[in-house]
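Structure record follows, encoded as structure tokens.
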Amino acid sequence: FPGRPTWDHTDLTYRVVNYSPDLDVASIDDAFTRAFGMWSNVAPLTFTRQEQGDVDILIGFGSQNHGDGYPFDGQYGVLAHAFAPGTNSISGDAHFDEDELWTQGGGNGFSLFIVAAHEFGHSLGLDHSSIQGALMYPTYAYQANLQLHSDDVAGIQDLY
Ligand SMILES: COc1ccc(S(=O)(=O)[C@H](CC(=O)O)C(F)F)cc1
Ligand SMILES: [Zn+2]
Ligand SMILES: [Zn+2]
């Protein structure tokens with residue numbers, strides 16, 4: 001992102017503000033934990049869930065207008081969005097479009113784990129990759145066994 005915003009600390013905290021009815025709470029929590037893990041596996045970052053107080057990354061589901069001036073668009077189209085690191089309260093936050101069908105794997109719907117891993121890349125300061133096959137490529141593609149592309153790894157290691 002322009003100006004190369006990054007977090008000034010590596011022990012990041014997050015909270016899940018609300019849940020989608022598409023999956024049970026444990027599956028949603030697990031998808032986010034695994035999505036953060038993709039990045040902490042290759043960069044000196046830790047992600048700790050914190051139920052109280054200020055956190056770096058707020059995660060939630062919303063549809064259409066959900067309070068941040070970036071309304072979602074109903075089913076399909078924009079699936080989610082996330083804000084770059086910074087000092088604003090919304091910095092780093094990740095929002096998922098409730099009008100999508102969130103799933104755990106193949107078949108119809110979108111993998112919450114894959115979309116979250118991509119969004120958290122933005123929450124950490126990564127922009128899009130031009131390499132198809134990279135997690136940070138701008139369009140969704142289901143992968144049964146998600147692996148970061150070398151471009152994703154290079155990007156996060158360049159930032160942290
Ligand atoms: C692989 O993960 C994603 C790919 C594409 C998207 S998106 O189609 O919602 C994208 C938003 C984004 O790049 O985060 C689009 F611009 F709306 C979200 C997650
Ligand atoms: Zn939003
Ligand atoms: Zn993106």
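Labels used: A, B, ... for chains in the order of the structure tokens, numbers from 1 for residues in each chain, and numbers from 1 for ligands as shown.
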
Problem set entry | For A:Thr139: contacts at 12 Å, only C-alpha atoms, fewer than 4 positions along chain excluded, given as a ChimeraX atom specification | /A:76-80,110,114-115,118-119,128-135

For this session: Could you give me the residues within 6 Å of ligand 2, counting only C-alpha atoms and all ligand atoms, as a PyMOL selection string?
Result: chain A and resi 68+70+95

Using only C-alpha atoms, please write the residues we just selected to a file, as a PDB file, in the first residue's frame.
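Saved file selection05.pdb follows:
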ATOM      1  CA  ASP A  68     -17.686   2.185   7.539  1.00  0.00           C
ATOM      2  CA  TYR A  70     -17.653   0.951   2.254  1.00  0.00           C
ATOM      3  CA  HIS A  95     -15.140  -7.321   7.371  1.00  0.00           C
TER       4      HIS A  95
END

Exercise. From the list A:Val42, A:Ala31, A:Ala116, A:Leu124, which residue is nearest A:Leu12 when using only C-alpha atoms?
Worked result: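 Using only C-alpha atoms, A:Leu12 sits closest to A:Leu124.
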
For this session: Pick out the residues sitting within 6 Å of stretch 14-28 of chain A, and hand them over as a ChimeraX atom specification; count only C-alpha atoms, and ignore anything fewer than 6 positions along from it in its own chain.
Result: /A:49-50,55-60,102

Exercise. Tell me, which residues of stretch 10-155 of chain A carry DSSP strand (DSSP E), written as number ranges by chain?
Worked result: A: 11-16, 46-49, 57-62, 80-82, 94-97, 102-103, 110-111

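Nearest to ligand 3 of all the residues A:Ala84, A:Ala117, A:Met38, A:Met136 is A:Met136, counting only C-alpha atoms and all ligand atoms.
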
Problem set entry | Nearest candidate to A:Thr46 (options A:His122, A:Thr33, A:Asp11, A:Tyr137; using only C-alpha atoms) |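 For A:Thr46, the nearest of the candidates is A:Asp11.
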
For this session: Write out as a PyMOL selection string each polymer residue whose atoms come within 8 Å of A:Phe1, counting only C-alpha atoms; drop sequence neighbours fewer than 6 positions from it.
Result: chain A and resi 84+125-127

Problem set entry | Best match for closeness to A:Gln104 among A:Asp30, A:Asp152, A:Gly53, A:Gly69, counting only C-alpha atoms | A:Asp30

Problem set entry | Nearest residue to A:Leu112 from the set A:Trp7, A:His149, A:Gly86, A:Glu100 (distances using only C-alpha atoms) | A:Glu100

For this session: Using DSSP on the backbone, list every residue of stretch 84-157 of chain A that comes out as helix (DSSP H, G or I), and give them as an MDAnalysis selection string.
Result: chainID A and resid 112:123 150:157

Could those residues be written to a file, using N, CA and C atoms, as a short mmCIF file (atom, residue, chain, number, x, y, z; two decimals), in the first residue's frame?
data_model
loop_
_atom_site.label_atom_id
_atom_site.label_comp_id
_atom_site.auth_asym_id
_atom_site.auth_seq_id
_atom_site.Cartn_x
_atom_site.Cartn_y
_atom_site.Cartn_z
N LEU A 112 -14.19 -19.52 4.04
CA LEU A 112 -13.90 -18.42 4.98
C LEU A 112 -12.41 -18.38 5.29
N PHE A 113 -11.79 -19.54 5.40
CA PHE A 113 -10.36 -19.61 5.70
C PHE A 113 -9.54 -18.91 4.61
N ILE A 114 -9.81 -19.21 3.33
CA ILE A 114 -9.03 -18.63 2.24
C ILE A 114 -9.25 -17.12 2.15
N VAL A 115 -10.51 -16.71 2.23
CA VAL A 115 -10.80 -15.27 2.14
C VAL A 115 -10.18 -14.54 3.33
N ALA A 116 -10.27 -15.16 4.52
CA ALA A 116 -9.70 -14.51 5.71
C ALA A 116 -8.18 -14.39 5.59
N ALA A 117 -7.53 -15.44 5.09
CA ALA A 117 -6.07 -15.38 4.93
C ALA A 117 -5.68 -14.23 4.01
N HIS A 118 -6.46 -14.04 2.95
CA HIS A 118 -6.21 -12.92 2.04
C HIS A 118 -6.45 -11.58 2.73
N GLU A 119 -7.59 -11.48 3.41
CA GLU A 119 -7.92 -10.20 4.08
C GLU A 119 -6.88 -9.85 5.14
N PHE A 120 -6.45 -10.86 5.89
CA PHE A 120 -5.45 -10.58 6.94
C PHE A 120 -4.14 -10.13 6.31
N GLY A 121 -3.88 -10.55 5.08
CA GLY A 121 -2.71 -10.03 4.36
C GLY A 121 -2.83 -8.52 4.22
N HIS A 122 -4.02 -8.06 3.85
CA HIS A 122 -4.26 -6.61 3.78
C HIS A 122 -4.14 -5.97 5.16
N SER A 123 -4.68 -6.63 6.18
CA SER A 123 -4.63 -6.09 7.55
C SER A 123 -3.18 -5.91 8.01
N SER A 150 5.40 -18.04 -3.18
CA SER A 150 6.65 -17.36 -2.79
C SER A 150 6.49 -15.84 -2.82
N ASP A 151 5.58 -15.37 -3.67
CA ASP A 151 5.36 -13.91 -3.74
C ASP A 151 4.70 -13.40 -2.47
N ASP A 152 3.78 -14.20 -1.91
CA ASP A 152 3.14 -13.82 -0.64
C ASP A 152 4.18 -13.77 0.48
N VAL A 153 5.05 -14.80 0.49
CA VAL A 153 6.08 -14.90 1.53
C VAL A 153 7.06 -13.73 1.41
N ALA A 154 7.48 -13.45 0.16
CA ALA A 154 8.41 -12.33 -0.06
C ALA A 154 7.78 -11.02 0.40
N GLY A 155 6.48 -10.87 0.14
CA GLY A 155 5.79 -9.63 0.49
C GLY A 155 5.75 -9.42 1.99
N ILE A 156 5.38 -10.45 2.73
CA ILE A 156 5.23 -10.27 4.18
C ILE A 156 6.61 -10.15 4.85
N GLN A 157 7.59 -10.87 4.28
CA GLN A 157 8.94 -10.79 4.87
C GLN A 157 9.62 -9.47 4.55
#

Problem set entry | Coordinates-based distance that separates atom CA of A:Thr48 from atom CA of A:His66 (Å, one decimal) | 25.2 Å

Exercise. In terms of the shortest atom-to-atom distance over only C-alpha atoms and all ligand atoms, which of A:Ala94, A:Leu146, A:Pro5, A:Asp158 is closest to ligand 3?
Worked result: A:Ala94

Problem set entry | Point-to-point distance from atom 17 (F, counted along the ligand's line) of ligand 1 to atom CA of A:His81, Å rounded to tenths |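 Separation between atom 17 (F, counted along the ligand's line) of ligand 1 and atom CA of A:His81: 6.8 Å.
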